[in-house]
Amino acid sequence: MDLFDTKVIELSSKTGIPDDQLKIFISLILCTLFGFLFKLSIRGRQTRLIAGSVFGVLITYYIYRSQIINVLFQTVVVYIMVKVLGKKSPWPVFVESMIFVAAHHIYRQYTDYGGWKMDVTTILMMDTPKWTAFAFCVSDGLKTQLSKEQEIRKIVKLPSFFEYFSFIFFFAGCVLGPCYDYFDFDQFINEDKEYKNIPSTIKETLRLLKNTLICMGIFLFAEKYFPLHFVTTDEFGTYNVLYQTLWFNIMVAIQRTKYFGGWQLAEMSIASCGITYQGNGQFQKIKAVDVDWDLTYNMKDKVEKWNISIQTWLRRYVYTRIYTEEEMKKSAAKQNFAYQMTYVVSSLWHGFYIGYYFSFFQWAIMNNVNKAIFRVSCNTNYLKIFETNPLAKFVRWYVANTIFNVFGITFLLLSVDPILKFYSNIKYVPHILLYVTYAFFLITNFGQKSKKQKE
């Protein structure tokens with residue numbers, strides 16, 4: 001390991017790429033190569049469990065070294081809680097897991113404030129959905145009143161510790177995710193249903209590699225021309241609003257390619273073994289991101305296309321667990337509360353930089369405005385032009401993306417001072433536009449009721 005680390009450090013000094021990022025990249029490539037081997041030659045449930053988890057543990061140890069103890073400790077704690085508490089385990093496990101990852105966030109911010117160096121917090125964040133989902137699915141196996149999705153994904157019999165351990169440390173997803181439920185893992189290990197005849201994964205792997213190289217190429221080439229810190233300078237404040245919005249929209253789009261590239265590489269590392277296969281020649285069962293994110297102006301679509309496996313976890317094990325779907329259909333207040341609490345959980349999961357909370361709070365308001373506008377388009381003819389006229393559609397897309405990106409920049413800047421400097425530079429124009437629109441709908445309720453409701 002030490003010799004390997006020396007070579008990585010040497011390569012880092014030659015390329016200028018941080019050594020921790022190189023280790024992640026190498027690990028994902030190794031997982032991809034092992035994935036091909038796993039798909040082609042490893043058969044039998046027990047053999048697949050052993051091979052997948054042993055390689056996963058080795059990769060996790062290579063990246064995090066002694067910090068792997070943190071992951072092992074929490075993995076054991078969750079299993080004990082699920083076994084002892086049974087049907088009552090989900091929320092205790094959820095709270096304990098969130099506190100555990102929160103403690104690591106706090107420690108990281110204390111020791112490396114504003115830093116982006118990879119540490120064990122990275123994998124703890126991706127394992128938290130696994131731990132919490134496991135508890136909910138085991139609990140569902142002991143209940144009778146379930147939704148259709150919960151009925152499908154429930155765990156009727158508590159898996160052995162080794163089976164559960166293999167799920168948490170399985171090599172496909174042990175580096176950066178994306179995460180998935182025990183239900184998907186168990187079917188894959190058993191080579192059941194769509195996993196009985198997985199076609200070649202080479203084409204899908206190469207597609208994801210191509211996307212990775214394109215995204216990372218764009219970021220490495222263009223980021224220096226549109227640096228993030230420029231939005232906090234006095235010079236940026238001297239430009240007019242139209243120039244500013246065009247500039248920071250381009251800058252944020254470039255910043256996103258960094259995340260797109262990383263997630264496409266992570267998705268490649270799990271696609272090679274075939275676990276992402278959903279049948280009919282499609283490898284879309286477990287996804288990290290949709291790279292057409294920038295093309296949509298709908299807030300709901302943007303949320304669902306970004307960090308997809310985490311959005312799925314939030315929907316399955318936060319949003320629909322606070323109240324049942326039937327309760328939320330009958331009560332808009334309960335639906336809104338569940339929605340707001342989902343944003344709170346997402347914020348806490350990310351960490352404790354104030355920029356995260358600025359972003360999620362304002363994205364939540366933006367989503368409420370988006371819902372109100374959607375209802376207006378359904379109940380009136382006032383917004384039809386934005387669905388039919390090309391120029392109007394472009395304006396809608398540009399304004400929606402501009403406001404979303406303003407709060408995306410907040411997410412990147414992290415701290416209060418640079419955030420307020422950026423807001424001051426753009427004279428709070430996007431904020432005024434958002435809050436005035438939100439207040440308008442709250443006060444007037446314009447277009448929110450259908451003709452049948454009015455009658």
# chains A, B, ... in the order shown; residues from 1 in each chain; ligands from 1
$ residues_around --residues "A:His350" --least-positions-apart "6" --cutoff "9 Å" --atoms "only C-alpha atoms" --output "list in words"
Ala102, His105, Met125 and Tyr356 of chain A
$ residues_around --residues "A:Leu383" --least-positions-apart "6" --cutoff "10 Å" --atoms "only C-alpha atoms" --output "list in words"
Ile373, Phe374, Val376, Ser377 and Ala392 of chain A
$ write_last_selection --atoms "C-alpha atoms" --output "mmCIF file, in the first residue's frame"
data_model
loop_
_atom_site.group_PDB
_atom_site.id
_atom_site.type_symbol
_atom_site.label_atom_id
_atom_site.label_comp_id
_atom_site.auth_asym_id
_atom_site.auth_seq_id
_atom_site.Cartn_x
_atom_site.Cartn_y
_atom_site.Cartn_z
ATOM 1 C CA ILE A 373 -47.073 28.366 -11.672
ATOM 2 C CA PHE A 374 -47.877 24.800 -12.701
ATOM 3 C CA VAL A 376 -51.873 28.416 -13.065
ATOM 4 C CA SER A 377 -50.919 26.733 -16.344
ATOM 5 C CA ALA A 392 -41.212 32.581 -24.480
#
$ select_by_dssp --residues "stretch 225-383 of chain A" --states "alpha helix (DSSP H)" --output "PyMOL selection string"
chain A and resi 234-237+241-271+299-305+308-314+320-322+325-330+332-350+354-379
$ closest_residue --among "A:Phe404, A:Phe411, A:Tyr239, A:Phe221" --to "A:Pro430" --atoms "only C-alpha atoms"
A:Phe404
$ residues_around --residues "stretch 2-11 of chain A" --least-positions-apart "6" --cutoff "12 Å" --atoms "only C-alpha atoms" --output "PDB file with all heavy atoms, in the first residue's frame"
ATOM      1  N   ILE A  17      -3.166  17.022 -10.169  1.00  0.00           N
ATOM      2  CA  ILE A  17      -4.428  16.516  -9.615  1.00  0.00           C
ATOM      3  C   ILE A  17      -4.168  16.068  -8.179  1.00  0.00           C
ATOM      4  O   ILE A  17      -3.232  15.316  -7.932  1.00  0.00           O
ATOM      5  CB  ILE A  17      -4.963  15.339 -10.452  1.00  0.00           C
ATOM      6  CG1 ILE A  17      -5.187  15.774 -11.906  1.00  0.00           C
ATOM      7  CG2 ILE A  17      -6.262  14.810  -9.853  1.00  0.00           C
ATOM      8  CD1 ILE A  17      -5.555  14.629 -12.830  1.00  0.00           C
ATOM      9  N   PRO A  18      -4.964  16.518  -7.215  1.00  0.00           N
ATOM     10  CA  PRO A  18      -4.753  16.123  -5.810  1.00  0.00           C
ATOM     11  C   PRO A  18      -4.692  14.603  -5.649  1.00  0.00           C
ATOM     12  O   PRO A  18      -5.420  13.871  -6.323  1.00  0.00           O
ATOM     13  CB  PRO A  18      -5.971  16.711  -5.094  1.00  0.00           C
ATOM     14  CG  PRO A  18      -6.377  17.871  -5.951  1.00  0.00           C
ATOM     15  CD  PRO A  18      -6.103  17.443  -7.356  1.00  0.00           C
ATOM     16  N   ASP A  19      -3.819  14.143  -4.763  1.00  0.00           N
ATOM     17  CA  ASP A  19      -3.610  12.700  -4.608  1.00  0.00           C
ATOM     18  C   ASP A  19      -4.860  11.963  -4.127  1.00  0.00           C
ATOM     19  O   ASP A  19      -5.092  10.816  -4.503  1.00  0.00           O
ATOM     20  CB  ASP A  19      -2.443  12.433  -3.648  1.00  0.00           C
ATOM     21  CG  ASP A  19      -2.717  12.966  -2.249  1.00  0.00           C
ATOM     22  OD1 ASP A  19      -2.954  14.174  -2.121  1.00  0.00           O
ATOM     23  OD2 ASP A  19      -2.684  12.176  -1.291  1.00  0.00           O
ATOM     24  N   ASP A  20      -5.715  12.633  -3.309  1.00  0.00           N
ATOM     25  CA  ASP A  20      -6.919  11.962  -2.841  1.00  0.00           C
ATOM     26  C   ASP A  20      -7.895  11.723  -3.996  1.00  0.00           C
ATOM     27  O   ASP A  20      -8.570  10.685  -4.057  1.00  0.00           O
ATOM     28  CB  ASP A  20      -7.594  12.761  -1.721  1.00  0.00           C
ATOM     29  CG  ASP A  20      -8.017  14.150  -2.161  1.00  0.00           C
ATOM     30  OD1 ASP A  20      -7.228  14.808  -2.861  1.00  0.00           O
ATOM     31  OD2 ASP A  20      -9.121  14.583  -1.792  1.00  0.00           O
ATOM     32  N   GLN A  21      -7.944  12.670  -4.939  1.00  0.00           N
ATOM     33  CA  GLN A  21      -8.807  12.496  -6.105  1.00  0.00           C
ATOM     34  C   GLN A  21      -8.267  11.410  -7.037  1.00  0.00           C
ATOM     35  O   GLN A  21      -9.035  10.666  -7.637  1.00  0.00           O
ATOM     36  CB  GLN A  21      -8.951  13.817  -6.857  1.00  0.00           C
ATOM     37  CG  GLN A  21      -9.694  14.883  -6.070  1.00  0.00           C
ATOM     38  CD  GLN A  21      -9.864  16.180  -6.825  1.00  0.00           C
ATOM     39  OE1 GLN A  21      -9.812  16.225  -8.059  1.00  0.00           O
ATOM     40  NE2 GLN A  21     -10.049  17.276  -6.102  1.00  0.00           N
ATOM     41  N   LEU A  22      -6.949  11.327  -7.132  1.00  0.00           N
ATOM     42  CA  LEU A  22      -6.350  10.258  -7.927  1.00  0.00           C
ATOM     43  C   LEU A  22      -6.660   8.886  -7.334  1.00  0.00           C
ATOM     44  O   LEU A  22      -6.942   7.929  -8.065  1.00  0.00           O
ATOM     45  CB  LEU A  22      -4.835  10.456  -8.037  1.00  0.00           C
ATOM     46  CG  LEU A  22      -4.341  11.447  -9.095  1.00  0.00           C
ATOM     47  CD1 LEU A  22      -2.825  11.592  -9.005  1.00  0.00           C
ATOM     48  CD2 LEU A  22      -4.725  10.977 -10.499  1.00  0.00           C
ATOM     49  N   LYS A  23      -6.615   8.793  -6.006  1.00  0.00           N
ATOM     50  CA  LYS A  23      -6.937   7.520  -5.350  1.00  0.00           C
ATOM     51  C   LYS A  23      -8.387   7.112  -5.623  1.00  0.00           C
ATOM     52  O   LYS A  23      -8.673   5.936  -5.882  1.00  0.00           O
ATOM     53  CB  LYS A  23      -6.701   7.633  -3.844  1.00  0.00           C
ATOM     54  CG  LYS A  23      -5.230   7.647  -3.449  1.00  0.00           C
ATOM     55  CD  LYS A  23      -5.054   7.861  -1.960  1.00  0.00           C
ATOM     56  CE  LYS A  23      -5.451   6.642  -1.165  1.00  0.00           C
ATOM     57  NZ  LYS A  23      -5.108   6.778   0.280  1.00  0.00           N
ATOM     58  N   ILE A  24      -9.287   8.082  -5.586  1.00  0.00           N
ATOM     59  CA  ILE A  24     -10.688   7.799  -5.887  1.00  0.00           C
ATOM     60  C   ILE A  24     -10.832   7.339  -7.327  1.00  0.00           C
ATOM     61  O   ILE A  24     -11.528   6.347  -7.617  1.00  0.00           O
ATOM     62  CB  ILE A  24     -11.559   9.046  -5.646  1.00  0.00           C
ATOM     63  CG1 ILE A  24     -11.595   9.410  -4.156  1.00  0.00           C
ATOM     64  CG2 ILE A  24     -12.969   8.841  -6.185  1.00  0.00           C
ATOM     65  CD1 ILE A  24     -12.373   8.448  -3.290  1.00  0.00           C
ATOM     66  N   PHE A  25     -10.157   8.029  -8.242  1.00  0.00           N
ATOM     67  CA  PHE A  25     -10.227   7.679  -9.664  1.00  0.00           C
ATOM     68  C   PHE A  25      -9.704   6.264  -9.899  1.00  0.00           C
ATOM     69  O   PHE A  25     -10.338   5.447 -10.588  1.00  0.00           O
ATOM     70  CB  PHE A  25      -9.414   8.681 -10.487  1.00  0.00           C
ATOM     71  CG  PHE A  25      -9.356   8.364 -11.963  1.00  0.00           C
ATOM     72  CD1 PHE A  25     -10.423   8.683 -12.794  1.00  0.00           C
ATOM     73  CD2 PHE A  25      -8.250   7.726 -12.512  1.00  0.00           C
ATOM     74  CE1 PHE A  25     -10.385   8.375 -14.148  1.00  0.00           C
ATOM     75  CE2 PHE A  25      -8.202   7.419 -13.856  1.00  0.00           C
ATOM     76  CZ  PHE A  25      -9.272   7.742 -14.685  1.00  0.00           C
ATOM     77  N   ILE A  26      -8.547   5.953  -9.321  1.00  0.00           N
ATOM     78  CA  ILE A  26      -7.953   4.616  -9.470  1.00  0.00           C
ATOM     79  C   ILE A  26      -8.892   3.551  -8.893  1.00  0.00           C
ATOM     80  O   ILE A  26      -9.088   2.487  -9.484  1.00  0.00           O
ATOM     81  CB  ILE A  26      -6.572   4.568  -8.781  1.00  0.00           C
ATOM     82  CG1 ILE A  26      -5.574   5.439  -9.544  1.00  0.00           C
ATOM     83  CG2 ILE A  26      -6.061   3.123  -8.684  1.00  0.00           C
ATOM     84  CD1 ILE A  26      -4.279   5.684  -8.804  1.00  0.00           C
ATOM     85  N   SER A  27      -9.480   3.852  -7.732  1.00  0.00           N
ATOM     86  CA  SER A  27     -10.389   2.895  -7.088  1.00  0.00           C
ATOM     87  C   SER A  27     -11.610   2.618  -7.954  1.00  0.00           C
ATOM     88  O   SER A  27     -12.058   1.467  -8.071  1.00  0.00           O
ATOM     89  CB  SER A  27     -10.827   3.437  -5.725  1.00  0.00           C
ATOM     90  OG  SER A  27      -9.715   3.609  -4.864  1.00  0.00           O
ATOM     91  N   TYR A  62      -8.190   0.838   1.219  1.00  0.00           N
ATOM     92  CA  TYR A  62      -7.176   1.551   0.431  1.00  0.00           C
ATOM     93  C   TYR A  62      -7.422   3.057   0.454  1.00  0.00           C
ATOM     94  O   TYR A  62      -6.479   3.857   0.591  1.00  0.00           O
ATOM     95  CB  TYR A  62      -7.179   1.046  -1.013  1.00  0.00           C
ATOM     96  CG  TYR A  62      -6.398   1.936  -1.939  1.00  0.00           C
ATOM     97  CD1 TYR A  62      -5.028   2.115  -1.783  1.00  0.00           C
ATOM     98  CD2 TYR A  62      -7.040   2.642  -2.958  1.00  0.00           C
ATOM     99  CE1 TYR A  62      -4.310   2.964  -2.620  1.00  0.00           C
ATOM    100  CE2 TYR A  62      -6.329   3.482  -3.801  1.00  0.00           C
ATOM    101  CZ  TYR A  62      -4.968   3.645  -3.625  1.00  0.00           C
ATOM    102  OH  TYR A  62      -4.267   4.489  -4.452  1.00  0.00           O
ATOM    103  N   ILE A  63      -8.691   3.460   0.355  1.00  0.00           N
ATOM    104  CA  ILE A  63      -9.004   4.892   0.307  1.00  0.00           C
ATOM    105  C   ILE A  63      -8.930   5.532   1.693  1.00  0.00           C
ATOM    106  O   ILE A  63      -8.337   6.598   1.871  1.00  0.00           O
ATOM    107  CB  ILE A  63     -10.417   5.115  -0.287  1.00  0.00           C
ATOM    108  CG1 ILE A  63     -10.487   4.583  -1.717  1.00  0.00           C
ATOM    109  CG2 ILE A  63     -10.785   6.604  -0.267  1.00  0.00           C
ATOM    110  CD1 ILE A  63     -11.885   4.583  -2.295  1.00  0.00           C
ATOM    111  N   ARG A  65      -8.097   3.893   4.872  1.00  0.00           N
ATOM    112  CA  ARG A  65      -7.182   3.281   5.841  1.00  0.00           C
ATOM    113  C   ARG A  65      -7.869   3.076   7.198  1.00  0.00           C
ATOM    114  O   ARG A  65      -8.922   2.479   7.272  1.00  0.00           O
ATOM    115  CB  ARG A  65      -5.906   4.128   5.964  1.00  0.00           C
ATOM    116  CG  ARG A  65      -5.138   4.236   4.661  1.00  0.00           C
ATOM    117  CD  ARG A  65      -4.752   2.850   4.148  1.00  0.00           C
ATOM    118  NE  ARG A  65      -4.308   2.889   2.786  1.00  0.00           N
ATOM    119  CZ  ARG A  65      -3.075   3.133   2.387  1.00  0.00           C
ATOM    120  NH1 ARG A  65      -2.137   3.379   3.286  1.00  0.00           N
ATOM    121  NH2 ARG A  65      -2.766   3.116   1.108  1.00  0.00           N
TER     122      ARG A  65
END
$ closest_residue --among "A:Ser359, A:Asp417, A:Asn298, A:Tyr107" --to "A:Lys393" --atoms "only C-alpha atoms"
A:Asn298
$ atom_distance --atom1 "atom CA of A:Val71" --atom2 "atom CA of A:Leu124"
6.7 Å
$ closest_residue --among "A:Thr437, A:Ser346, A:Asn307, A:Thr276" --to "A:Asn370" --atoms "only C-alpha atoms"
A:Thr437
$ closest_atom_pairs --of "stretch 117-146 of chain A" --to "stretch 77-90 of chain A" --cutoff "9 Å" --atoms "only C-alpha atoms" --output "JSON lines"
{"residue": "A:Trp131", "atom": "CA", "partner": "A:Val78", "partner_atom": "CA", "distance": 6.6}
{"residue": "A:Thr132", "atom": "CA", "partner": "A:Pro90", "partner_atom": "CA", "distance": 6.6}
{"residue": "A:Ala133", "atom": "CA", "partner": "A:Pro90", "partner_atom": "CA", "distance": 8.0}
{"residue": "A:Phe134", "atom": "CA", "partner": "A:Pro90", "partner_atom": "CA", "distance": 8.3}
{"residue": "A:Ala135", "atom": "CA", "partner": "A:Pro90", "partner_atom": "CA", "distance": 4.9}
{"residue": "A:Phe136", "atom": "CA", "partner": "A:Pro90", "partner_atom": "CA", "distance": 4.9}
{"residue": "A:Cys137", "atom": "CA", "partner": "A:Pro90", "partner_atom": "CA", "distance": 8.5}
{"residue": "A:Val138", "atom": "CA", "partner": "A:Lys87", "partner_atom": "CA", "distance": 7.3}
{"residue": "A:Ser139", "atom": "CA", "partner": "A:Lys87", "partner_atom": "CA", "distance": 4.2}
{"residue": "A:Asp140", "atom": "CA", "partner": "A:Lys87", "partner_atom": "CA", "distance": 7.4}
{"residue": "A:Gly141", "atom": "CA", "partner": "A:Lys87", "partner_atom": "CA", "distance": 8.3}
{"residue": "A:Leu142", "atom": "CA", "partner": "A:Lys87", "partner_atom": "CA", "distance": 6.2}
{"residue": "A:Lys143", "atom": "CA", "partner": "A:Lys87", "partner_atom": "CA", "distance": 7.7}
$ atom_distance --atom1 "atom CA of A:Lys449" --atom2 "atom CA of A:Gln362"
24.7 Å
$ closest_residue --among "A:Ala364, A:Glu194, A:Ile250, A:Tyr110" --to "A:Lys285" --atoms "only C-alpha atoms"
A:Glu194
$ residues_around --residues "A:His431" --least-positions-apart "6" --cutoff "9 Å" --atoms "only C-alpha atoms" --output "PyMOL selection string"
chain A and resi 362+403+406+423
$ write_last_selection --atoms "N, CA and C atoms" --output "PDB file, in the first residue's frame"
ATOM      1  N   GLN A 362     -34.085  28.424   0.048  1.00  0.00           N
ATOM      2  CA  GLN A 362     -34.568  29.180  -1.108  1.00  0.00           C
ATOM      3  C   GLN A 362     -34.992  28.270  -2.256  1.00  0.00           C
ATOM      4  N   ILE A 403     -32.346  31.808 -11.557  1.00  0.00           N
ATOM      5  CA  ILE A 403     -32.703  31.841 -10.132  1.00  0.00           C
ATOM      6  C   ILE A 403     -32.183  30.599  -9.423  1.00  0.00           C
ATOM      7  N   VAL A 406     -28.399  30.963  -8.908  1.00  0.00           N
ATOM      8  CA  VAL A 406     -28.021  31.902  -7.848  1.00  0.00           C
ATOM      9  C   VAL A 406     -27.864  31.165  -6.522  1.00  0.00           C
ATOM     10  N   TYR A 423     -24.519  38.303  -3.273  1.00  0.00           N
ATOM     11  CA  TYR A 423     -25.890  38.826  -3.323  1.00  0.00           C
ATOM     12  C   TYR A 423     -25.886  40.335  -3.539  1.00  0.00           C
TER      13      TYR A 423
END
$ residues_around --residues "A:Ile50" --least-positions-apart "6" --cutoff "12 Å" --atoms "only C-alpha atoms" --output "ChimeraX atom specification"
/A:38,42-44,56-57,162-167,169-171,189
$ residues_around --residues "A:Arg316" --least-positions-apart "5" --cutoff "9 Å" --atoms "only C-alpha atoms" --output "number ranges by chain"
A: 133, 149-150, 311, 321
$ residues_around --residues "A:Leu314" --least-positions-apart "5" --cutoff "10 Å" --atoms "only C-alpha atoms" --output "ChimeraX atom specification"
/A:129,133,308-309,319-321,339,342-343,345-346
$ closest_residue --among "A:Ser41, A:Ile275, A:Leu228, A:Leu213" --to "A:Phe183" --atoms "only C-alpha atoms"
A:Ile275
$ decode --residues "stretch 153-165 of chain A" --atoms "N, CA, C and O atoms" --output "mmCIF file, in the first residue's frame"
data_model
loop_
_atom_site.group_PDB
_atom_site.id
_atom_site.type_symbol
_atom_site.label_atom_id
_atom_site.label_comp_id
_atom_site.auth_asym_id
_atom_site.auth_seq_id
_atom_site.Cartn_x
_atom_site.Cartn_y
_atom_site.Cartn_z
ATOM 1 N N ARG A 153 -40.489 -3.862 -1.876
ATOM 2 C CA ARG A 153 -39.124 -3.728 -1.384
ATOM 3 C C ARG A 153 -38.936 -4.223 0.060
ATOM 4 O O ARG A 153 -37.830 -4.162 0.598
ATOM 5 N N LYS A 154 -39.987 -4.690 0.683
ATOM 6 C CA LYS A 154 -39.888 -5.130 2.076
ATOM 7 C C LYS A 154 -38.975 -6.347 2.206
ATOM 8 O O LYS A 154 -38.812 -7.139 1.271
ATOM 9 N N ILE A 155 -38.361 -6.490 3.393
ATOM 10 C CA ILE A 155 -37.513 -7.636 3.719
ATOM 11 C C ILE A 155 -38.274 -8.490 4.719
ATOM 12 O O ILE A 155 -38.459 -8.094 5.872
ATOM 13 N N VAL A 156 -38.747 -9.645 4.284
ATOM 14 C CA VAL A 156 -39.604 -10.491 5.117
ATOM 15 C C VAL A 156 -38.813 -11.148 6.246
ATOM 16 O O VAL A 156 -39.264 -11.213 7.387
ATOM 17 N N LYS A 157 -37.619 -11.631 5.944
ATOM 18 C CA LYS A 157 -36.786 -12.300 6.941
ATOM 19 C C LYS A 157 -35.481 -11.524 7.105
ATOM 20 O O LYS A 157 -34.828 -11.179 6.120
ATOM 21 N N LEU A 158 -35.136 -11.219 8.343
ATOM 22 C CA LEU A 158 -33.901 -10.478 8.597
ATOM 23 C C LEU A 158 -32.708 -11.244 8.039
ATOM 24 O O LEU A 158 -32.453 -12.386 8.423
ATOM 25 N N PRO A 159 -31.931 -10.641 7.122
ATOM 26 C CA PRO A 159 -30.745 -11.310 6.574
ATOM 27 C C PRO A 159 -29.720 -11.566 7.666
ATOM 28 O O PRO A 159 -29.714 -10.913 8.710
ATOM 29 N N SER A 160 -28.856 -12.521 7.421
ATOM 30 C CA SER A 160 -27.762 -12.765 8.364
ATOM 31 C C SER A 160 -26.852 -11.543 8.371
ATOM 32 O O SER A 160 -26.875 -10.717 7.448
ATOM 33 N N PHE A 161 -26.028 -11.454 9.432
ATOM 34 C CA PHE A 161 -25.117 -10.304 9.496
ATOM 35 C C PHE A 161 -24.178 -10.294 8.293
ATOM 36 O O PHE A 161 -23.867 -9.225 7.756
ATOM 37 N N PHE A 162 -23.736 -11.461 7.861
ATOM 38 C CA PHE A 162 -22.830 -11.514 6.718
ATOM 39 C C PHE A 162 -23.502 -11.004 5.447
ATOM 40 O O PHE A 162 -22.885 -10.276 4.664
ATOM 41 N N GLU A 163 -24.769 -11.367 5.234
ATOM 42 C CA GLU A 163 -25.490 -10.881 4.049
ATOM 43 C C GLU A 163 -25.649 -9.362 4.103
ATOM 44 O O GLU A 163 -25.441 -8.663 3.100
ATOM 45 N N TYR A 164 -26.018 -8.873 5.270
ATOM 46 C CA TYR A 164 -26.160 -7.426 5.467
ATOM 47 C C TYR A 164 -24.811 -6.720 5.291
ATOM 48 O O TYR A 164 -24.718 -5.680 4.626
ATOM 49 N N PHE A 165 -23.761 -7.274 5.883
ATOM 50 C CA PHE A 165 -22.411 -6.717 5.765
ATOM 51 C C PHE A 165 -21.991 -6.666 4.293
ATOM 52 O O PHE A 165 -21.409 -5.661 3.842
#
